[in-house]
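Shown next: model01.cif, given as mmCIF, C-alpha atoms.
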```
data_final
#
loop_
_atom_site.label_atom_id
_atom_site.label_comp_id
_atom_site.auth_asym_id
_atom_site.auth_seq_id
_atom_site.Cartn_x
_atom_site.Cartn_y
_atom_site.Cartn_z
CA MET A 1 11.52 3.93 64.23
CA ARG A 2 7.90 2.86 64.65
CA SER A 3 6.20 1.09 61.78
CA VAL A 4 3.17 3.39 61.77
CA LYS A 5 3.81 6.89 62.97
CA MET A 6 1.53 9.89 63.22
CA ASP A 7 2.52 12.70 60.91
CA GLN A 8 5.25 14.76 62.55
CA THR A 9 3.31 17.98 62.29
CA PHE A 10 0.14 16.54 63.77
CA ARG A 11 2.07 14.87 66.60
CA MET A 12 3.43 18.28 67.54
CA LEU A 13 -0.02 19.78 67.32
CA MET A 14 -1.53 17.04 69.45
CA ALA A 15 1.26 17.23 72.03
CA CYS A 16 0.48 20.86 72.60
CA THR A 17 -3.24 20.14 72.62
CA LEU A 18 -2.69 17.65 75.42
CA LEU A 19 -0.95 20.36 77.45
CA SER A 20 -3.60 23.01 77.08
CA ALA A 21 -3.75 24.40 80.60
CA CYS A 22 -1.38 27.35 80.49
CA SER A 23 -4.31 29.74 80.80
CA THR A 24 -4.85 30.86 84.38
CA ALA A 25 -8.57 31.58 84.02
CA SER A 26 -11.28 29.57 85.72
CA SER A 27 -12.57 26.51 83.90
CA GLU A 28 -16.11 26.88 85.17
CA SER A 29 -18.74 27.22 82.46
CA VAL A 30 -20.98 30.25 82.38
CA SER A 31 -23.55 28.75 80.02
CA GLY A 32 -27.24 28.67 80.75
CA GLY A 33 -27.64 24.96 81.25
CA LYS A 34 -28.40 23.82 77.69
CA LEU A 35 -26.37 21.01 76.15
CA PRO A 36 -25.23 21.94 72.63
CA THR A 37 -26.27 19.28 70.13
CA GLY A 38 -26.17 18.70 66.40
CA PRO A 39 -23.41 18.42 63.77
CA ASP A 40 -21.35 21.25 65.28
CA ALA A 41 -21.28 19.23 68.51
CA GLY A 42 -19.92 16.17 66.71
CA ASP A 43 -23.27 14.38 66.90
CA MET A 44 -23.69 11.68 64.26
CA ASP A 45 -26.15 8.88 63.49
CA LEU A 46 -24.68 5.71 64.95
CA SER A 47 -27.42 3.37 66.10
CA PRO A 48 -30.57 3.89 68.19
CA PHE A 49 -28.67 2.39 71.13
CA TYR A 50 -26.83 5.69 71.67
CA ARG A 51 -29.89 7.96 71.72
CA TRP A 52 -32.07 7.90 74.82
CA THR A 53 -35.42 9.50 74.04
CA ASP A 54 -37.18 9.11 77.39
CA ALA A 55 -36.62 11.28 80.43
CA LEU A 56 -33.29 10.52 82.04
CA PRO A 57 -33.34 9.31 85.63
CA ALA A 58 -31.43 11.39 88.13
CA GLU A 59 -29.54 8.33 89.38
CA LEU A 60 -25.81 8.71 88.75
CA GLY A 61 -24.35 5.73 86.94
CA GLY A 62 -27.79 4.29 86.31
CA LEU A 63 -27.77 1.61 83.65
CA LEU A 64 -30.08 2.66 80.81
CA ARG A 65 -29.52 -0.27 78.45
CA GLU A 66 -26.97 -2.88 77.40
CA GLU A 67 -26.44 -5.21 74.49
CA PRO A 68 -23.93 -7.99 73.82
CA ILE A 69 -21.30 -7.21 71.20
CA ALA A 70 -18.72 -9.32 69.43
CA LYS A 71 -15.39 -9.35 71.19
CA GLN A 72 -12.41 -8.09 69.25
CA GLU A 73 -9.79 -10.46 67.93
CA GLU A 74 -7.24 -9.11 70.40
CA MET A 75 -9.54 -9.81 73.36
CA GLY A 76 -9.48 -13.59 73.49
CA SER A 77 -9.64 -13.57 77.28
CA ALA A 78 -13.10 -11.95 77.29
CA ALA A 79 -15.90 -14.37 78.07
CA GLU A 80 -18.51 -11.61 77.66
CA ALA A 81 -18.51 -8.25 75.92
CA HIS A 82 -21.27 -5.69 76.42
CA ARG A 83 -22.04 -2.25 75.07
CA ILE A 84 -23.55 -0.13 77.84
CA LEU A 85 -25.41 3.17 78.09
CA TYR A 86 -25.63 4.81 81.49
CA THR A 87 -26.30 8.15 83.15
CA SER A 88 -23.76 10.72 84.19
CA THR A 89 -23.99 14.41 84.92
CA ASP A 90 -22.93 17.30 82.71
CA VAL A 91 -20.61 19.64 84.61
CA ARG A 92 -19.43 21.52 81.51
CA TRP A 93 -22.75 23.01 80.37
CA HIS A 94 -24.67 22.16 83.57
CA SER A 95 -27.52 20.65 81.57
CA GLY A 96 -28.29 17.88 84.05
CA PRO A 97 -28.18 14.11 83.46
CA VAL A 98 -26.63 12.90 80.20
CA PRO A 99 -26.35 9.43 78.67
CA VAL A 100 -22.80 8.12 78.28
CA SER A 101 -21.76 4.98 76.42
CA GLY A 102 -19.02 2.45 77.05
CA THR A 103 -18.10 -1.23 77.08
CA LEU A 104 -17.82 -3.93 79.74
CA TYR A 105 -15.80 -7.15 79.53
CA LEU A 106 -15.79 -10.17 81.83
CA PRO A 107 -12.90 -12.64 81.98
CA ASN A 108 -12.99 -16.30 81.03
CA GLY A 109 -13.56 -18.84 83.79
CA PRO A 110 -15.49 -18.78 87.06
CA PRO A 111 -15.31 -15.61 89.15
CA PRO A 112 -13.50 -15.63 92.47
CA ALA A 113 -15.47 -15.46 95.70
CA GLY A 114 -17.05 -12.03 95.83
CA GLY A 115 -16.62 -11.44 92.11
CA TRP A 116 -13.88 -10.19 89.83
CA PRO A 117 -12.10 -6.98 90.81
CA LEU A 118 -12.77 -4.25 88.28
CA VAL A 119 -10.42 -2.14 86.17
CA ALA A 120 -12.01 1.08 84.93
CA TRP A 121 -9.94 2.19 81.94
CA GLY A 122 -9.83 5.58 80.22
CA HIS A 123 -8.75 5.57 76.58
CA GLY A 124 -6.38 8.03 74.93
CA THR A 125 -7.10 10.54 72.21
CA LEU A 126 -9.33 9.22 69.43
CA GLY A 127 -11.23 12.33 68.34
CA ILE A 128 -14.38 14.19 69.31
CA ALA A 129 -16.93 13.02 66.71
CA ASP A 130 -19.39 10.31 67.72
CA VAL A 131 -17.96 7.93 65.13
CA CYS A 132 -14.72 7.87 67.18
CA ALA A 133 -16.41 6.22 70.19
CA PRO A 134 -14.59 2.91 70.75
CA SER A 135 -17.80 1.18 71.82
CA TRP A 136 -18.96 1.79 68.23
CA THR A 137 -15.79 1.51 66.13
CA GLY A 138 -13.85 -0.91 68.32
CA PHE A 139 -10.57 -0.26 70.10
CA LYS A 140 -7.16 0.24 68.58
CA SER A 141 -5.20 -3.02 68.61
CA ARG A 142 -2.81 -1.59 71.20
CA ASP A 143 -5.69 -0.71 73.50
CA ALA A 144 -7.66 -3.92 73.02
CA SER A 145 -4.60 -6.06 73.76
CA TYR A 146 -3.88 -3.94 76.85
CA MET A 147 -7.36 -4.53 78.24
CA ASN A 148 -7.02 -8.19 77.36
CA ARG A 149 -3.96 -8.39 79.61
CA TRP A 150 -6.08 -7.15 82.52
CA LEU A 151 -8.68 -9.80 81.69
CA GLN A 152 -5.94 -12.45 81.66
CA ALA A 153 -4.84 -11.20 85.07
CA GLY A 154 -8.33 -11.85 86.47
CA PHE A 155 -9.95 -8.41 86.30
CA ALA A 156 -13.20 -7.37 84.69
CA VAL A 157 -12.76 -4.23 82.57
CA VAL A 158 -15.15 -1.33 81.99
CA ALA A 159 -14.18 1.34 79.48
CA THR A 160 -16.14 4.57 79.15
CA ASP A 161 -16.38 6.44 75.86
CA TYR A 162 -16.60 9.68 77.92
CA GLN A 163 -19.45 12.19 77.75
CA GLY A 164 -20.33 13.25 74.20
CA LEU A 165 -18.24 10.62 72.42
CA GLY A 166 -21.10 8.46 71.18
CA GLY A 167 -23.69 10.15 73.37
CA PRO A 168 -25.36 13.49 72.61
CA GLY A 169 -23.56 16.81 72.70
CA PRO A 170 -19.89 17.73 72.40
CA HIS A 171 -17.12 15.59 73.88
CA PRO A 172 -15.37 17.99 76.31
CA TYR A 173 -11.92 16.80 75.31
CA LEU A 174 -9.36 16.76 78.14
CA ASP A 175 -11.77 18.22 80.71
CA TRP A 176 -10.91 16.00 83.69
CA ARG A 177 -13.94 17.11 85.69
CA VAL A 178 -16.22 15.72 82.99
CA ALA A 179 -14.20 12.62 82.11
CA GLY A 180 -13.58 11.70 85.74
CA ARG A 181 -17.32 11.52 86.32
CA SER A 182 -17.79 9.47 83.15
CA VAL A 183 -15.26 6.96 84.53
CA LEU A 184 -16.85 6.73 87.97
CA ASP A 185 -20.36 6.38 86.59
CA SER A 186 -19.19 3.59 84.27
CA VAL A 187 -18.12 1.70 87.40
CA ARG A 188 -21.54 2.17 88.92
CA ALA A 189 -23.19 0.89 85.74
CA ALA A 190 -20.87 -2.14 85.57
CA LEU A 191 -21.61 -3.09 89.17
CA ALA A 192 -25.34 -2.76 88.48
CA LEU A 193 -25.22 -4.88 85.32
CA LYS A 194 -23.13 -7.71 86.77
CA SER A 195 -23.96 -7.63 90.45
CA GLY A 196 -22.34 -10.58 92.17
CA LEU A 197 -19.95 -11.27 89.29
CA ILE A 198 -17.99 -8.02 89.76
CA SER A 199 -16.76 -6.92 93.15
CA ASN A 200 -16.61 -3.39 94.48
CA GLN A 201 -12.81 -3.45 94.38
CA VAL A 202 -11.85 -0.96 91.70
CA LEU A 203 -8.60 0.14 90.10
CA ILE A 204 -8.83 3.28 87.96
CA THR A 205 -6.45 3.30 84.99
CA GLY A 206 -5.91 5.39 81.88
CA GLN A 207 -3.57 6.34 79.05
CA SER A 208 -2.77 9.97 78.10
CA GLN A 209 -6.18 11.66 77.81
CA GLY A 210 -7.37 8.73 79.88
CA ALA A 211 -4.59 9.30 82.42
CA SER A 212 -5.99 12.71 83.34
CA SER A 213 -9.46 11.13 83.33
CA ALA A 214 -8.23 8.50 85.78
CA LEU A 215 -6.60 11.08 88.00
CA GLY A 216 -9.77 13.15 87.82
CA ALA A 217 -11.82 10.13 88.83
CA VAL A 218 -9.80 9.39 91.96
CA ARG A 219 -9.82 13.09 92.88
CA LEU A 220 -13.60 13.21 92.59
CA SER A 221 -14.46 9.81 94.04
CA ARG A 222 -14.56 10.81 97.70
CA GLU A 223 -17.38 13.30 97.18
CA TYR A 224 -18.92 12.13 93.91
CA ALA A 225 -18.94 8.36 94.42
CA PRO A 226 -18.16 7.57 98.08
CA GLU A 227 -19.83 4.15 97.85
CA LEU A 228 -17.19 2.92 95.40
CA ASN A 229 -14.20 1.12 96.86
CA ILE A 230 -11.45 2.74 94.79
CA LEU A 231 -8.18 0.98 95.58
CA GLY A 232 -5.81 3.14 93.57
CA MET A 233 -4.88 4.56 90.17
CA VAL A 234 -2.48 3.69 87.36
CA ALA A 235 -1.79 6.46 84.83
CA THR A 236 0.43 6.12 81.76
CA GLY A 237 1.49 9.18 79.77
CA LEU A 238 -0.06 11.54 82.34
CA ASN A 239 -0.97 14.91 80.81
CA SER A 240 -2.42 16.66 83.87
CA THR A 241 -1.03 20.06 84.77
CA PHE A 242 -0.66 21.95 88.06
CA SER A 243 -0.25 25.70 87.71
CA ASN A 244 0.58 25.99 91.42
CA GLY A 245 2.94 23.03 91.49
CA PRO A 246 6.57 23.13 92.64
CA ILE A 247 8.07 22.74 89.16
CA SER A 248 8.02 25.95 87.15
CA LEU A 249 7.97 25.23 83.43
CA PRO A 250 8.41 27.77 80.64
CA ALA A 251 5.29 29.00 78.94
CA ARG A 252 4.30 26.78 76.04
CA ASP A 253 3.16 27.85 72.60
CA SER A 254 -0.01 25.77 72.36
CA THR A 255 -0.13 25.09 68.64
CA ASN A 256 -3.38 23.19 68.15
CA MET A 257 -6.44 23.15 70.32
CA PHE A 258 -8.87 22.03 67.66
CA LEU A 259 -10.18 18.97 69.46
CA SER A 260 -10.66 20.95 72.64
CA PHE A 261 -11.84 24.16 70.99
CA ALA A 262 -14.40 22.34 68.89
CA SER A 263 -15.86 20.59 71.90
CA GLY A 264 -16.15 22.90 74.87
CA GLY A 265 -12.61 24.16 75.45
CA VAL A 266 -13.37 27.84 74.91
CA ARG A 267 -15.35 30.19 77.07
CA ASP A 268 -19.07 30.54 76.52
CA ASN A 269 -19.04 34.33 77.04
CA GLY A 270 -16.65 34.98 74.16
CA PRO A 271 -16.80 34.68 70.38
CA LYS A 272 -17.50 31.34 68.77
CA ILE A 273 -14.49 29.40 67.60
CA GLU A 274 -15.86 29.57 64.02
CA ASP A 275 -15.49 33.35 64.17
CA VAL A 276 -11.80 33.42 65.10
CA VAL A 277 -10.21 30.72 62.92
CA SER A 278 -8.58 31.18 59.54
CA SER A 279 -9.66 29.31 56.42
CA LYS A 280 -7.23 26.49 57.27
CA GLY A 281 -8.49 26.43 60.82
CA LYS A 282 -12.08 26.22 59.60
CA GLN A 283 -11.24 23.17 57.49
CA LEU A 284 -9.61 21.43 60.45
CA LEU A 285 -12.49 22.43 62.70
CA ASP A 286 -15.03 20.95 60.31
CA LYS A 287 -12.99 17.76 59.91
CA SER A 288 -12.67 17.29 63.68
CA ARG A 289 -16.46 17.31 64.03
CA GLN A 290 -16.96 14.42 61.62
CA ALA A 291 -13.76 12.35 61.64
CA CYS A 292 -11.10 10.97 63.97
CA THR A 293 -7.43 11.69 64.63
CA LYS A 294 -6.02 9.84 61.63
CA GLU A 295 -8.12 11.84 59.18
CA ILE A 296 -7.49 15.10 61.04
CA GLY A 297 -3.75 14.43 60.88
CA MET A 298 -3.91 13.77 57.15
CA LEU A 299 -5.70 17.06 56.57
CA ALA A 300 -3.20 18.94 58.75
CA ARG A 301 -0.43 17.56 56.58
CA GLU A 302 -2.22 18.47 53.36
CA LEU A 303 -2.81 22.02 54.60
CA LYS A 304 0.80 22.29 55.82
CA VAL A 305 -0.38 23.53 59.19
CA GLY A 306 2.64 23.95 61.46
CA SER A 307 1.47 26.36 64.14
CA LEU A 308 -1.66 27.57 65.86
CA ALA A 309 -1.09 31.06 64.46
CA GLU A 310 -1.69 29.69 60.97
CA THR A 311 -5.16 28.52 62.00
CA LEU A 312 -6.26 31.75 63.69
CA ALA A 313 -7.69 34.98 62.37
CA ILE A 314 -6.93 36.81 65.63
CA PRO A 315 -3.67 37.41 67.58
CA MET A 316 -2.38 34.63 69.79
CA ASP A 317 -2.65 36.64 73.01
CA GLN A 318 -6.27 37.44 72.31
CA PHE A 319 -6.99 33.80 71.61
CA ALA A 320 -5.32 32.72 74.87
CA SER A 321 -7.93 34.61 76.86
CA MET A 322 -10.69 32.51 75.26
CA ARG A 323 -9.33 29.16 76.41
CA LEU A 324 -10.41 27.07 79.38
CA PRO A 325 -7.59 25.39 81.36
CA VAL A 326 -9.16 21.96 81.02
CA THR A 327 -6.13 19.93 82.16
CA ASP A 328 -5.19 22.08 85.14
CA MET A 329 -5.84 20.61 88.59
CA PRO A 330 -5.65 22.17 92.06
CA MET A 331 -3.08 20.98 94.55
CA GLU A 332 -4.95 18.53 96.76
CA LYS A 333 -4.45 15.28 98.62
CA ILE A 334 -6.08 12.17 97.16
CA ASP A 335 -7.13 9.28 99.37
CA VAL A 336 -5.66 6.41 97.32
CA PRO A 337 -2.18 5.39 96.09
CA LEU A 338 -1.15 6.63 92.66
CA MET A 339 1.15 4.98 90.13
CA ILE A 340 2.43 7.03 87.18
CA ALA A 341 4.33 5.35 84.34
CA THR A 342 6.44 7.48 82.02
CA GLY A 343 8.36 6.49 78.92
CA LEU A 344 11.64 8.42 78.88
CA ALA A 345 11.42 8.63 75.07
CA ASP A 346 7.96 10.23 75.22
CA ASP A 347 7.93 13.26 72.91
CA THR A 348 4.14 13.72 73.14
CA VAL A 349 3.84 14.38 76.89
CA THR A 350 7.51 14.81 77.63
CA PRO A 351 9.14 13.29 80.75
CA ILE A 352 9.73 16.71 82.31
CA LEU A 353 6.01 17.49 82.09
CA GLN A 354 5.08 14.17 83.69
CA TYR A 355 7.74 14.77 86.33
CA ALA A 356 6.13 18.15 87.06
CA ALA A 357 2.77 16.42 87.60
CA ALA A 358 4.31 13.74 89.82
CA SER A 359 6.12 16.42 91.83
CA ALA A 360 2.91 18.39 92.34
CA LEU A 361 1.10 15.27 93.52
CA CYS A 362 3.97 14.46 95.88
CA ALA A 363 3.99 18.00 97.22
CA SER A 364 0.29 17.64 98.00
CA GLY A 365 1.04 14.72 100.36
CA ASN A 366 -0.04 11.93 98.06
CA SER A 367 1.27 8.37 97.93
CA VAL A 368 2.93 8.48 94.50
CA THR A 369 4.97 5.82 92.75
CA TRP A 370 6.55 7.38 89.64
CA LEU A 371 8.14 4.77 87.41
CA THR A 372 10.19 5.56 84.31
CA TYR A 373 11.01 3.34 81.34
CA PRO A 374 14.14 4.02 79.28
CA GLY A 375 13.71 4.02 75.51
CA MET A 376 9.90 3.80 75.67
CA ASP A 377 7.75 6.48 74.08
CA HIS A 378 4.22 7.66 74.74
CA ASP A 379 2.67 4.53 73.25
CA ASP A 380 5.20 1.97 74.50
CA ALA A 381 4.97 2.86 78.17
CA MET A 382 1.40 1.61 78.50
CA HIS A 383 2.29 -2.00 77.71
CA GLY A 384 5.84 -1.63 79.00
CA SER A 385 4.59 -0.79 82.49
CA PHE A 386 1.93 -3.50 82.62
CA GLU A 387 3.72 -5.97 84.90
CA ASP A 388 4.46 -3.18 87.35
CA SER A 389 0.83 -2.09 87.12
CA VAL A 390 -0.45 -5.60 87.92
CA THR A 391 1.94 -5.88 90.85
CA PHE A 392 0.70 -2.51 92.12
CA ALA A 393 -2.94 -3.62 91.73
CA ARG A 394 -2.44 -6.97 93.46
CA THR A 395 -0.64 -5.31 96.35
CA LEU A 396 -3.66 -3.07 96.86
CA LEU A 397 -6.09 -5.98 96.49
CA ALA A 398 -4.21 -7.83 99.23
CA GLY A 399 -4.68 -4.86 101.54
CA GLU A 400 -0.96 -4.21 101.65
CA LYS A 401 0.78 -0.87 101.44
CA VAL A 402 2.64 0.16 98.32
CA SER A 403 5.98 1.90 98.58
CA PRO A 404 5.79 5.47 97.27
CA ASN A 405 9.01 6.96 95.93
CA CYS A 406 8.45 10.72 96.19
CA SER A 407 11.74 11.15 98.04
CA GLN A 408 13.63 9.45 95.22
CA ILE A 409 12.28 11.02 92.05
CA SER A 410 14.52 13.37 90.11
CA GLU A 411 14.20 15.62 87.11
CA PRO A 412 14.57 13.77 83.80
CA GLY A 413 16.38 15.03 80.76
CA PRO A 414 14.92 15.61 77.30
CA PRO A 415 13.15 12.70 75.59
CA GLU A 416 15.47 9.83 74.77
CA ASP A 417 15.72 7.98 71.48
CA ILE A 418 13.08 5.31 70.97
CA GLU A 419 14.43 1.80 71.49
CA SER A 420 11.35 -0.20 70.42
CA ASP A 421 8.83 -0.21 67.59
CA SER A 422 5.23 0.76 68.09
CA ALA A 423 2.31 0.27 65.74
CA SER A 424 0.13 2.92 67.29
CA ASP A 425 -0.45 6.47 66.13
CA ASP A 426 -2.73 7.85 68.81
CA GLU A 427 -2.33 9.36 72.26
#
```

Representation of the structure as structure tokens:
Amino acid sequence: MRSVKMDQTFRMLMACTLLSACSTASSESVSGGKLPTGPDAGDMDLSPFYRWTDALPAELGGLLREEPIAKQEEMGSAAEAHRILYTSTDVRWHSGPVPVSGTLYLPNGPPPAGGWPLVAWGHGTLGIADVCAPSWTGFKSRDASYMNRWLQAGFAVVATDYQGLGGPGPHPYLDWRVAGRSVLDSVRAALALKSGLISNQVLITGQSQGASSALGAVRLSREYAPELNILGMVATGLNSTFSNGPISLPARDSTNMFLSFASGGVRDNGPKIEDVVSSKGKQLLDKSRQACTKEIGMLARELKVGSLAETLAIPMDQFASMRLPVTDMPMEKIDVPLMIATGLADDTVTPILQYAAASALCASGNSVTWLTYPGMDHDDAMHGSFEDSVTFARTLLAGEKVSPNCSQISEPGPPEDIESDSASDDE
């Protein structure tokens, strides 16, 4: 068993949160173009760096400001560490340009001719309050050491916080259309800040929430950022869903949508989430707007919350009509090769759900390499797949073709027993 494990109840809640796209309704916002702000949007006082008071330029990925920061202990291969603030565009509330924060790291040693290739990494679930932004609080040890391995391999690394996590307004948790743009605009900002030191050879990567962000980024790149040379994508713990995919899965009882509901995951033309939650739900809702996943999990345990029904003041079927299918993607061909890494002991985004995503991507004519790792869970697979990820990246850098395995993938069984320890408790 792992040495530090998320509370069993909250892990179940979060697993269902990650798979929140069983609604068939459109995910387009119907709001009037005003970004919600304030405490109910998770906004907190961090430092003046995160608040841009002047008019925002229309330039996508425009670098607003940067400042050097101390590198974390686990990131010994970083020669430089920068906090960045850049522009992106709000496609959830359609409010126009928004500032988004993140971090940029350069490797030790001289850059290769043309500059270091760039890894753009999307982090997993941390929370929705500003204080959860990793550019402010620092990264989990697991995540920092993972990025350090990319630095050791000779890649610069840029890591977005995503819209609203640090910056103003809600963090539209799991909305791949929003997060994908945050990822792509972080690449633009990195190239602007370190022109000549970073090359326009980009690998998009991400874990769990960040996996759908990475997949969203490569889906959007052709139209949203055609000037970027996106080589491919690596996704670990992929939580994207495809309602029209070839694998039909039973309907899921989504037991906790607090992070999504509190931050843009419900329809704007319906009741407010505050008006439909129970007293327990209200406590969790308030906690999610001012604290991160560890604290939310502790409260869920204290309240003995075991199902979504316990947090609602309305029937489940009525609540389902309020939700936005933020993880659901259309069937579509993507221009770059895709690698998906799945731990066969993953009980957060189970292997069958990742298989369904891989199958949908294969059915859409994509170049997909789906790799599975026996005995590894949701956390383990990120580091466990690293050598395969580097091999995949270097093959693409060399201009060579990867070998997709769509014709060889097969349906996995239920999650296996965990064979290794993990010190992480997030997604």

### Query
Just so the selection is clear, what residues does the PyMOL selection byres ((chain A and resi 64) around 7) cover here, as a count of residues only?
5

### Query
Any idea what's packed within 9 Å of Gln290 in chain A, counting all atoms listed in the file, ignoring anything in its chain fewer than 5 positions away? Could you give it as a list in words?
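Residues meeting the cut-off are Pro39, Asp40, Gly42, Asp43, Met44, Ile128, Ala129, Asp130, Val131 and Cys132 of chain A.
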
### Using all atoms listed in the file: which of A:Ala120, A:Tyr105, A:Thr236, A:Val276 has the shortest distance to Gln201 in chain A
A:Ala120

Write out as JSON lines a residue-level contact list of range 165-185 of chain A versus range 278-289 of chain A with cut-off 12 Å: for each qualifying residue the closest pair of atoms and the distance in Å to one decimal, counting only C-alpha atoms, rows sorted by chain and residue number upward.
```
{"residue": "A:Leu165", "atom": "CA", "partner": "A:Arg289", "partner_atom": "CA", "distance": 10.9}
{"residue": "A:Gly169", "atom": "CA", "partner": "A:Arg289", "partner_atom": "CA", "distance": 11.2}
{"residue": "A:Pro170", "atom": "CA", "partner": "A:Arg289", "partner_atom": "CA", "distance": 9.1}
{"residue": "A:His171", "atom": "CA", "partner": "A:Arg289", "partner_atom": "CA", "distance": 10.0}
{"residue": "A:Tyr173", "atom": "CA", "partner": "A:Ser288", "partner_atom": "CA", "distance": 11.7}
```

### Among listed residues A:Pro36, A:Asp185, A:Gly138, A:Trp116, nearest Val100 in chain A (using all atoms listed in the file)
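Closest to Val100 in chain A, using all atoms listed in the file: A:Asp185.
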
### Query
Which residues fall under the PyMOL selection byres ((chain A and resi 237) around 6) in this file, as a VMD selection string?
chain A and resid 207 to 208 236 238 342 378

Which centre and edge lengths in Å to one decimal define the box along x, y and z that fits every listed atom of range 197-210 of chain A plus 5 Å per side, as JSON?
```
{"center_x": -11.4, "center_y": 0.2, "center_z": 86.1, "size_x": 27.2, "size_y": 32.9, "size_z": 26.7}
```
